[in-house]
$ cat data-v8.cif   # mmCIF, C-alpha atoms, pLDDT in the B column; chains and numbers go by the auth columns
data_protein
loop_
_atom_site.group_PDB
_atom_site.id
_atom_site.type_symbol
_atom_site.label_atom_id
_atom_site.label_comp_id
_atom_site.label_asym_id
_atom_site.label_seq_id
_atom_site.Cartn_x
_atom_site.Cartn_y
_atom_site.Cartn_z
_atom_site.B_iso_or_equiv
_atom_site.auth_seq_id
_atom_site.auth_asym_id
ATOM 1 C CA MET A 1 -15.153 5.496 30.191 39.00 1 A
ATOM 2 C CA PHE A 2 -17.621 4.582 27.471 39.00 2 A
ATOM 3 C CA ILE A 3 -16.288 3.127 24.189 40.00 3 A
ATOM 4 C CA LEU A 4 -18.532 2.594 21.172 37.00 4 A
ATOM 5 C CA MET A 5 -17.273 1.231 17.869 35.00 5 A
ATOM 6 C CA LEU A 6 -19.419 1.184 14.741 34.00 6 A
ATOM 7 C CA CYS A 7 -18.164 -0.429 11.531 34.00 7 A
ATOM 8 C CA PHE A 8 -19.244 0.715 8.052 35.00 8 A
ATOM 9 C CA HIS A 9 -17.474 -1.296 5.344 39.00 9 A
ATOM 10 C CA ASP A 10 -13.802 -0.307 5.743 47.00 10 A
ATOM 11 C CA VAL A 11 -14.194 2.778 7.939 48.00 11 A
ATOM 12 C CA SER A 12 -14.603 2.592 11.717 46.00 12 A
ATOM 13 C CA VAL A 13 -16.008 5.315 13.952 48.00 13 A
ATOM 14 C CA LEU A 14 -14.557 5.148 17.437 49.00 14 A
ATOM 15 C CA SER A 15 -16.216 7.141 20.199 51.00 15 A
ATOM 16 C CA VAL A 16 -14.206 7.595 23.398 52.00 16 A
ATOM 17 C CA ALA A 17 -15.697 9.738 26.180 58.00 17 A
ATOM 18 C CA GLY A 18 -17.798 11.739 23.739 58.00 18 A
ATOM 19 C CA GLN A 19 -15.009 12.320 21.180 59.00 19 A
ATOM 20 C CA GLN A 20 -15.401 10.708 17.786 57.00 20 A
ATOM 21 C CA ARG A 21 -12.436 9.594 15.758 54.00 21 A
ATOM 22 C CA ILE A 22 -12.554 8.011 12.329 50.00 22 A
ATOM 23 C CA ARG A 23 -10.097 5.216 11.668 47.00 23 A
ATOM 24 C CA GLN A 24 -9.473 3.496 8.351 50.00 24 A
ATOM 25 C CA ALA A 25 -9.605 -0.270 8.653 49.00 25 A
ATOM 26 C CA MET A 26 -6.762 -2.394 7.340 54.00 26 A
ATOM 27 C CA THR A 27 -6.993 -3.085 3.627 53.00 27 A
ATOM 28 C CA GLU A 28 -7.983 -6.601 2.557 75.00 28 A
ATOM 29 C CA THR A 29 -5.297 -6.684 -0.139 84.00 29 A
ATOM 30 C CA PRO A 30 -1.856 -5.805 1.250 93.00 30 A
ATOM 31 C CA VAL A 31 0.502 -4.384 -1.377 96.00 31 A
ATOM 32 C CA ALA A 32 4.099 -3.312 -0.706 97.00 32 A
ATOM 33 C CA PHE A 33 7.427 -3.582 -2.488 95.00 33 A
ATOM 34 C CA PHE A 34 11.049 -2.559 -2.037 96.00 34 A
ATOM 35 C CA ALA A 35 13.687 -3.076 -4.715 96.00 35 A
ATOM 36 C CA THR A 36 17.262 -1.948 -5.277 92.00 36 A
ATOM 37 C CA LEU A 37 19.549 -1.565 -8.250 88.00 37 A
ATOM 38 C CA SER A 38 22.245 -4.217 -7.913 82.00 38 A
ATOM 39 C CA SER A 39 24.584 -2.941 -10.650 73.00 39 A
ATOM 40 C CA HIS A 40 25.389 0.424 -12.195 71.00 40 A
ATOM 41 C CA ILE A 41 23.355 1.343 -15.233 70.00 41 A
ATOM 42 C CA LEU A 42 25.582 2.776 -17.940 66.00 42 A
ATOM 43 C CA HIS A 43 24.216 4.367 -21.119 62.00 43 A
ATOM 44 C CA GLU A 44 20.535 4.130 -20.193 71.00 44 A
ATOM 45 C CA GLY A 45 18.214 4.865 -23.114 67.00 45 A
ATOM 46 C CA GLN A 46 15.856 7.862 -23.204 74.00 46 A
ATOM 47 C CA ASN A 47 12.502 7.230 -21.451 76.00 47 A
ATOM 48 C CA GLN A 48 13.627 3.734 -20.520 83.00 48 A
ATOM 49 C CA PRO A 49 12.217 2.490 -17.200 86.00 49 A
ATOM 50 C CA ILE A 50 14.790 1.656 -14.555 87.00 50 A
ATOM 51 C CA ALA A 51 14.549 -2.020 -13.692 89.00 51 A
ATOM 52 C CA PHE A 52 15.329 -2.216 -9.974 90.00 52 A
ATOM 53 C CA ASP A 53 16.376 -5.846 -10.166 93.00 53 A
ATOM 54 C CA ARG A 54 17.035 -6.874 -6.548 93.00 54 A
ATOM 55 C CA VAL A 55 13.627 -7.357 -4.963 95.00 55 A
ATOM 56 C CA VAL A 56 13.702 -7.371 -1.169 96.00 56 A
ATOM 57 C CA THR A 57 9.941 -7.217 -0.573 93.00 57 A
ATOM 58 C CA ASN A 58 7.096 -7.787 -3.035 97.00 58 A
ATOM 59 C CA VAL A 59 3.889 -8.411 -1.093 96.00 59 A
ATOM 60 C CA GLY A 60 1.120 -8.809 -3.643 93.00 60 A
ATOM 61 C CA ASN A 61 3.624 -9.374 -6.504 95.00 61 A
ATOM 62 C CA ALA A 62 2.736 -6.009 -8.074 96.00 62 A
ATOM 63 C CA TYR A 63 6.311 -4.978 -8.922 96.00 63 A
ATOM 64 C CA ASN A 64 8.001 -6.516 -11.976 97.00 64 A
ATOM 65 C CA PRO A 65 11.814 -6.275 -11.613 96.00 65 A
ATOM 66 C CA HIS A 66 12.443 -7.358 -15.213 94.00 66 A
ATOM 67 C CA VAL A 67 10.868 -4.234 -16.702 93.00 67 A
ATOM 68 C CA GLY A 68 10.836 -1.885 -13.684 92.00 68 A
ATOM 69 C CA LEU A 69 7.054 -1.585 -13.610 95.00 69 A
ATOM 70 C CA PHE A 70 4.569 -1.508 -10.741 96.00 70 A
ATOM 71 C CA ALA A 71 1.003 -2.544 -11.727 97.00 71 A
ATOM 72 C CA ALA A 72 -1.739 -1.757 -9.196 97.00 72 A
ATOM 73 C CA PRO A 73 -3.539 -4.993 -8.245 97.00 73 A
ATOM 74 C CA VAL A 74 -6.378 -3.008 -6.620 96.00 74 A
ATOM 75 C CA SER A 75 -7.650 0.551 -6.827 96.00 75 A
ATOM 76 C CA GLY A 76 -6.542 2.902 -4.064 96.00 76 A
ATOM 77 C CA ILE A 77 -4.104 5.521 -2.835 97.00 77 A
ATOM 78 C CA TYR A 78 -0.457 4.466 -3.200 97.00 78 A
ATOM 79 C CA VAL A 79 2.802 5.937 -1.901 98.00 79 A
ATOM 80 C CA PHE A 80 6.014 5.572 -3.944 97.00 80 A
ATOM 81 C CA SER A 81 9.524 6.591 -2.978 96.00 81 A
ATOM 82 C CA VAL A 82 12.799 6.572 -4.874 94.00 82 A
ATOM 83 C CA SER A 83 16.351 7.262 -3.702 90.00 83 A
ATOM 84 C CA LEU A 84 19.074 7.763 -6.293 86.00 84 A
ATOM 85 C CA LEU A 85 22.856 7.871 -5.887 82.00 85 A
ATOM 86 C CA SER A 86 24.768 9.667 -8.610 78.00 86 A
ATOM 87 C CA TYR A 87 27.639 8.233 -10.540 75.00 87 A
ATOM 88 C CA PRO A 88 30.712 10.464 -9.965 76.00 88 A
ATOM 89 C CA GLY A 89 30.973 13.397 -12.369 74.00 89 A
ATOM 90 C CA HIS A 90 27.529 12.960 -13.981 75.00 90 A
ATOM 91 C CA THR A 91 24.214 14.780 -14.060 78.00 91 A
ATOM 92 C CA THR A 92 21.075 12.669 -14.395 81.00 92 A
ATOM 93 C CA HIS A 93 17.372 13.337 -14.900 84.00 93 A
ATOM 94 C CA TYR A 94 14.583 10.895 -14.096 89.00 94 A
ATOM 95 C CA ASP A 95 10.790 11.055 -14.203 91.00 95 A
ATOM 96 C CA PHE A 96 7.898 9.322 -12.459 93.00 96 A
ATOM 97 C CA PHE A 97 5.248 8.144 -14.921 95.00 97 A
ATOM 98 C CA LYS A 98 1.727 6.853 -14.369 97.00 98 A
ATOM 99 C CA ASN A 99 0.310 5.048 -17.425 97.00 99 A
ATOM 100 C CA ASN A 100 2.807 6.801 -19.726 94.00 100 A
ATOM 101 C CA GLU A 101 1.792 10.188 -18.283 96.00 101 A
ATOM 102 C CA PHE A 102 4.491 12.368 -16.708 95.00 102 A
ATOM 103 C CA ILE A 103 4.002 12.931 -12.953 95.00 103 A
ATOM 104 C CA SER A 104 7.197 14.532 -11.598 93.00 104 A
ATOM 105 C CA ALA A 105 10.890 15.050 -12.315 90.00 105 A
ATOM 106 C CA ILE A 106 14.020 14.197 -10.335 90.00 106 A
ATOM 107 C CA TYR A 107 17.329 15.931 -11.008 85.00 107 A
ATOM 108 C CA LEU A 108 20.676 14.804 -9.661 81.00 108 A
ATOM 109 C CA GLN A 109 23.973 16.588 -10.274 78.00 109 A
ATOM 110 C CA THR A 110 27.372 15.525 -8.987 77.00 110 A
ATOM 111 C CA PRO A 111 29.802 18.400 -8.420 76.00 111 A
ATOM 112 C CA GLY A 112 32.849 16.613 -9.810 73.00 112 A
ATOM 113 C CA ALA A 113 34.797 13.439 -10.395 75.00 113 A
ATOM 114 C CA GLY A 114 35.181 11.262 -7.317 77.00 114 A
ATOM 115 C CA GLN A 115 32.180 12.850 -5.563 79.00 115 A
ATOM 116 C CA TYR A 116 28.726 11.422 -4.983 79.00 116 A
ATOM 117 C CA GLU A 117 25.321 13.024 -4.423 80.00 117 A
ATOM 118 C CA SER A 118 21.983 11.485 -3.580 81.00 118 A
ATOM 119 C CA THR A 119 18.406 12.617 -3.924 84.00 119 A
ATOM 120 C CA SER A 120 15.005 11.193 -3.111 88.00 120 A
ATOM 121 C CA GLN A 121 11.384 11.841 -3.901 93.00 121 A
ATOM 122 C CA THR A 122 8.053 10.566 -2.651 96.00 122 A
ATOM 123 C CA VAL A 123 4.824 10.701 -4.645 96.00 123 A
ATOM 124 C CA VAL A 124 1.271 9.861 -3.594 97.00 124 A
ATOM 125 C CA LEU A 125 -0.963 8.666 -6.430 97.00 125 A
ATOM 126 C CA GLN A 126 -4.557 7.568 -6.787 97.00 126 A
ATOM 127 C CA LEU A 127 -4.480 4.441 -8.938 97.00 127 A
ATOM 128 C CA THR A 128 -7.142 2.308 -10.526 97.00 128 A
ATOM 129 C CA LYS A 129 -6.622 -1.441 -10.740 96.00 129 A
ATOM 130 C CA GLY A 130 -4.230 -2.080 -13.643 96.00 130 A
ATOM 131 C CA ASP A 131 -2.605 1.383 -13.635 97.00 131 A
ATOM 132 C CA ASP A 132 1.181 1.263 -13.853 97.00 132 A
ATOM 133 C CA VAL A 133 3.959 3.364 -12.330 97.00 133 A
ATOM 134 C CA THR A 134 7.548 3.543 -13.569 94.00 134 A
ATOM 135 C CA LEU A 135 10.649 5.615 -12.920 92.00 135 A
ATOM 136 C CA ARG A 136 12.232 6.501 -16.273 86.00 136 A
ATOM 137 C CA ASN A 137 15.446 7.970 -17.543 82.00 137 A
ATOM 138 C CA SER A 138 14.740 11.401 -19.099 76.00 138 A
ATOM 139 C CA TYR A 139 17.682 11.617 -21.509 71.00 139 A
ATOM 140 C CA SER A 140 19.786 9.103 -23.384 69.00 140 A
ATOM 141 C CA ASP A 141 23.171 7.930 -22.180 69.00 141 A
ATOM 142 C CA GLU A 142 22.550 8.548 -18.456 71.00 142 A
ATOM 143 C CA ILE A 143 24.385 6.713 -15.676 67.00 143 A
ATOM 144 C CA VAL A 144 23.014 5.736 -12.252 73.00 144 A
ATOM 145 C CA HIS A 145 24.922 4.147 -9.368 65.00 145 A
ATOM 146 C CA GLY A 146 23.937 0.614 -8.380 68.00 146 A
ATOM 147 C CA HIS A 147 25.359 -1.642 -5.668 75.00 147 A
ATOM 148 C CA ASN A 148 22.007 -1.363 -3.812 76.00 148 A
ATOM 149 C CA HIS A 149 22.411 2.387 -3.119 78.00 149 A
ATOM 150 C CA THR A 150 19.581 3.282 -5.541 87.00 150 A
ATOM 151 C CA THR A 151 16.147 2.120 -4.347 91.00 151 A
ATOM 152 C CA PHE A 152 12.465 2.120 -5.306 93.00 152 A
ATOM 153 C CA ALA A 153 9.591 1.350 -2.940 96.00 153 A
ATOM 154 C CA GLY A 154 5.826 1.587 -2.838 97.00 154 A
ATOM 155 C CA PHE A 155 2.786 0.523 -0.863 97.00 155 A
ATOM 156 C CA LEU A 156 -0.988 0.718 -0.802 96.00 156 A
ATOM 157 C CA LEU A 157 -2.014 3.358 1.741 94.00 157 A
ATOM 158 C CA TRP A 158 -5.758 2.703 1.461 90.00 158 A
#
$ encode --input "data-v8.cif" --output "structure tokens"
Amino acid sequence: MFILMLCFHDVSVLSVAGQQRIRQAMTETPVAFFATLSSHILHEGQNQPIAFDRVVTNVGNAYNPHVGLFAAPVSGIYVFSVSLLSYPGHTTHYDFFKNNEFISAIYLQTPGAGQYESTSQTVVLQLTKGDDVTLRNSYSDEIVHGHNHTTFAGFLLW
């Protein structure tokens, strides 16, 4: 078996027995975060970012738990994921924003008192260094369940 590997900046071309495969090399700047909401948020203001305050992972220190904002330390393709748990008897609406520009909406409705529902969403965004991403409350006076059931995560894909 003949193996040839050629490197061009951050892309590798691997040739195995006449078949070529392109493989992305590992990024030089690792970026990844995972944060949870430690307490319920009651009466959230309209368009207010959710500050996921319990940071479990923050490689690259790009997530700010005090204001709920991720700021891209390098340009690239990023993956973000959110999981929300409803507060019993409430309907909530949230939005992903990139640099104050709406990206996508998340809707969560609980059927009745004493019942819970969850939802999740993943977005893939091309960011330039300094771009920011937030998850915001769409309407005033919303409620979201805390106790580490509601989470926000992201990482640099390439």
$ resolve_selection --input "data-v8.cif" --expression "the PyMOL selection byres ((chain A and resi 134) around 7)" --output "list in words"
Pro49, Gly68, Leu69, Phe70, Phe96, Phe97, Lys98, Asp132, Val133, Leu135 and Arg136 of chain A
$ write_last_selection --input "data-v8.cif" --atoms "C-alpha atoms" --output "short mmCIF file (atom, residue, chain, number, x, y, z; two decimals), keeping the file's coordinate frame"
data_model
loop_
_atom_site.label_atom_id
_atom_site.label_comp_id
_atom_site.auth_asym_id
_atom_site.auth_seq_id
_atom_site.Cartn_x
_atom_site.Cartn_y
_atom_site.Cartn_z
CA PRO A 49 12.22 2.49 -17.20
CA GLY A 68 10.84 -1.88 -13.68
CA LEU A 69 7.05 -1.58 -13.61
CA PHE A 70 4.57 -1.51 -10.74
CA PHE A 96 7.90 9.32 -12.46
CA PHE A 97 5.25 8.14 -14.92
CA LYS A 98 1.73 6.85 -14.37
CA ASP A 132 1.18 1.26 -13.85
CA VAL A 133 3.96 3.36 -12.33
CA LEU A 135 10.65 5.62 -12.92
CA ARG A 136 12.23 6.50 -16.27
#
$ resolve_selection --input "data-v8.cif" --expression "the PyMOL selection byres ((chain A and resi 124) around 12)" --output "list in words"
Gly76, Ile77, Tyr78, Val79, Phe80, Ser81, Phe96, Lys98, Ile103, Ser104, Gln121, Thr122, Val123, Leu125, Gln126, Leu127, Val133, Ala153, Gly154, Phe155, Leu156, Leu157 and Trp158 of chain A
$ atom_distance --input "data-v8.cif" --atom1 "CA of Asn148 (chain A)" --atom2 "CA of Gly60 (chain A)"
22.2 Å
$ resolve_selection --input "data-v8.cif" --expression "the PyMOL selection byres ((chain A and resi 36) around 8)" --output "JSON list (two decimals) with C-alpha atoms, keeping the file's coordinate frame"
[["chain", "number", "residue", "atom", "x", "y", "z"],
["A", 34, "PHE", "CA", 11.05, -2.56, -2.04],
["A", 35, "ALA", "CA", 13.69, -3.08, -4.72],
["A", 37, "LEU", "CA", 19.55, -1.56, -8.25],
["A", 38, "SER", "CA", 22.24, -4.22, -7.91],
["A", 52, "PHE", "CA", 15.33, -2.22, -9.97],
["A", 53, "ASP", "CA", 16.38, -5.85, -10.17],
["A", 54, "ARG", "CA", 17.04, -6.87, -6.55],
["A", 55, "VAL", "CA", 13.63, -7.36, -4.96],
["A", 56, "VAL", "CA", 13.70, -7.37, -1.17],
["A", 146, "GLY", "CA", 23.94, 0.61, -8.38],
["A", 148, "ASN", "CA", 22.01, -1.36, -3.81],
["A", 149, "HIS", "CA", 22.41, 2.39, -3.12],
["A", 150, "THR", "CA", 19.58, 3.28, -5.54],
["A", 151, "THR", "CA", 16.15, 2.12, -4.35],
["A", 152, "PHE", "CA", 12.46, 2.12, -5.31]]
$ atom_distance --input "data-v8.cif" --atom1 "CA of Glu142 (chain A)" --atom2 "CA of Val67 (chain A)"
17.4 Å
$ atom_distance --input "data-v8.cif" --atom1 "CA of His93 (chain A)" --atom2 "CA of Tyr107 (chain A)"
4.7 Å
$ closest_residue --input "data-v8.cif" --among "A:Phe33, A:Tyr116, A:Tyr139, A:Phe102" --to "Thr57 (chain A)" --atoms "only C-alpha atoms"
A:Phe33
$ build_atoms --input "data-v8.cif" --residues "region 87-102 of chain A" --atoms "N, CA, C and O atoms" --output "PDB file, in the frame of the given file"
ATOM      1  N   TYR A  87      26.360   8.787 -10.121  1.00 75.00           N
ATOM      2  CA  TYR A  87      27.639   8.233 -10.540  1.00 75.00           C
ATOM      3  C   TYR A  87      28.594   9.420 -10.579  1.00 75.00           C
ATOM      4  O   TYR A  87      28.228  10.487 -11.072  1.00 75.00           O
ATOM      5  N   PRO A  88      29.806   9.308 -10.052  1.00 76.00           N
ATOM      6  CA  PRO A  88      30.712  10.464  -9.965  1.00 76.00           C
ATOM      7  C   PRO A  88      30.879  11.211 -11.291  1.00 76.00           C
ATOM      8  O   PRO A  88      31.092  10.604 -12.339  1.00 76.00           O
ATOM      9  N   GLY A  89      30.743  12.545 -11.213  1.00 74.00           N
ATOM     10  CA  GLY A  89      30.973  13.397 -12.369  1.00 74.00           C
ATOM     11  C   GLY A  89      29.845  13.456 -13.376  1.00 74.00           C
ATOM     12  O   GLY A  89      30.034  13.942 -14.487  1.00 74.00           O
ATOM     13  N   HIS A  90      28.637  12.991 -13.020  1.00 75.00           N
ATOM     14  CA  HIS A  90      27.529  12.960 -13.981  1.00 75.00           C
ATOM     15  C   HIS A  90      26.293  13.670 -13.440  1.00 75.00           C
ATOM     16  O   HIS A  90      26.052  13.714 -12.239  1.00 75.00           O
ATOM     17  N   THR A  91      25.510  14.190 -14.360  1.00 78.00           N
ATOM     18  CA  THR A  91      24.214  14.780 -14.060  1.00 78.00           C
ATOM     19  C   THR A  91      23.156  13.863 -14.661  1.00 78.00           C
ATOM     20  O   THR A  91      23.299  13.412 -15.804  1.00 78.00           O
ATOM     21  N   THR A  92      22.120  13.560 -13.898  1.00 81.00           N
ATOM     22  CA  THR A  92      21.075  12.669 -14.395  1.00 81.00           C
ATOM     23  C   THR A  92      19.695  13.263 -14.140  1.00 81.00           C
ATOM     24  O   THR A  92      19.496  14.038 -13.215  1.00 81.00           O
ATOM     25  N   HIS A  93      18.756  12.886 -14.978  1.00 84.00           N
ATOM     26  CA  HIS A  93      17.372  13.337 -14.900  1.00 84.00           C
ATOM     27  C   HIS A  93      16.461  12.112 -15.012  1.00 84.00           C
ATOM     28  O   HIS A  93      16.621  11.314 -15.939  1.00 84.00           O
ATOM     29  N   TYR A  94      15.521  12.007 -14.080  1.00 89.00           N
ATOM     30  CA  TYR A  94      14.583  10.895 -14.096  1.00 89.00           C
ATOM     31  C   TYR A  94      13.177  11.420 -13.879  1.00 89.00           C
ATOM     32  O   TYR A  94      12.981  12.506 -13.333  1.00 89.00           O
ATOM     33  N   ASP A  95      12.187  10.639 -14.305  1.00 91.00           N
ATOM     34  CA  ASP A  95      10.790  11.055 -14.203  1.00 91.00           C
ATOM     35  C   ASP A  95       9.921   9.917 -13.695  1.00 91.00           C
ATOM     36  O   ASP A  95      10.109   8.759 -14.093  1.00 91.00           O
ATOM     37  N   PHE A  96       8.961  10.261 -12.829  1.00 93.00           N
ATOM     38  CA  PHE A  96       7.898   9.322 -12.459  1.00 93.00           C
ATOM     39  C   PHE A  96       6.827   9.396 -13.543  1.00 93.00           C
ATOM     40  O   PHE A  96       6.437  10.491 -13.968  1.00 93.00           O
ATOM     41  N   PHE A  97       6.349   8.221 -13.958  1.00 95.00           N
ATOM     42  CA  PHE A  97       5.248   8.144 -14.921  1.00 95.00           C
ATOM     43  C   PHE A  97       4.134   7.273 -14.366  1.00 95.00           C
ATOM     44  O   PHE A  97       4.403   6.267 -13.708  1.00 95.00           O
ATOM     45  N   LYS A  98       2.916   7.664 -14.656  1.00 97.00           N
ATOM     46  CA  LYS A  98       1.727   6.853 -14.369  1.00 97.00           C
ATOM     47  C   LYS A  98       1.035   6.625 -15.708  1.00 97.00           C
ATOM     48  O   LYS A  98       0.610   7.590 -16.363  1.00 97.00           O
ATOM     49  N   ASN A  99       0.949   5.381 -16.139  1.00 97.00           N
ATOM     50  CA  ASN A  99       0.310   5.048 -17.425  1.00 97.00           C
ATOM     51  C   ASN A  99       0.849   5.906 -18.570  1.00 97.00           C
ATOM     52  O   ASN A  99       0.091   6.481 -19.343  1.00 97.00           O
ATOM     53  N   ASN A 100       2.148   6.013 -18.684  1.00 94.00           N
ATOM     54  CA  ASN A 100       2.807   6.801 -19.726  1.00 94.00           C
ATOM     55  C   ASN A 100       2.543   8.297 -19.637  1.00 94.00           C
ATOM     56  O   ASN A 100       2.800   9.038 -20.584  1.00 94.00           O
ATOM     57  N   GLU A 101       2.036   8.765 -18.506  1.00 96.00           N
ATOM     58  CA  GLU A 101       1.792  10.188 -18.283  1.00 96.00           C
ATOM     59  C   GLU A 101       2.797  10.704 -17.251  1.00 96.00           C
ATOM     60  O   GLU A 101       2.921  10.141 -16.157  1.00 96.00           O
ATOM     61  N   PHE A 102       3.500  11.776 -17.600  1.00 95.00           N
ATOM     62  CA  PHE A 102       4.491  12.368 -16.708  1.00 95.00           C
ATOM     63  C   PHE A 102       3.835  12.825 -15.407  1.00 95.00           C
ATOM     64  O   PHE A 102       2.794  13.471 -15.418  1.00 95.00           O
TER      65      PHE A 102
END
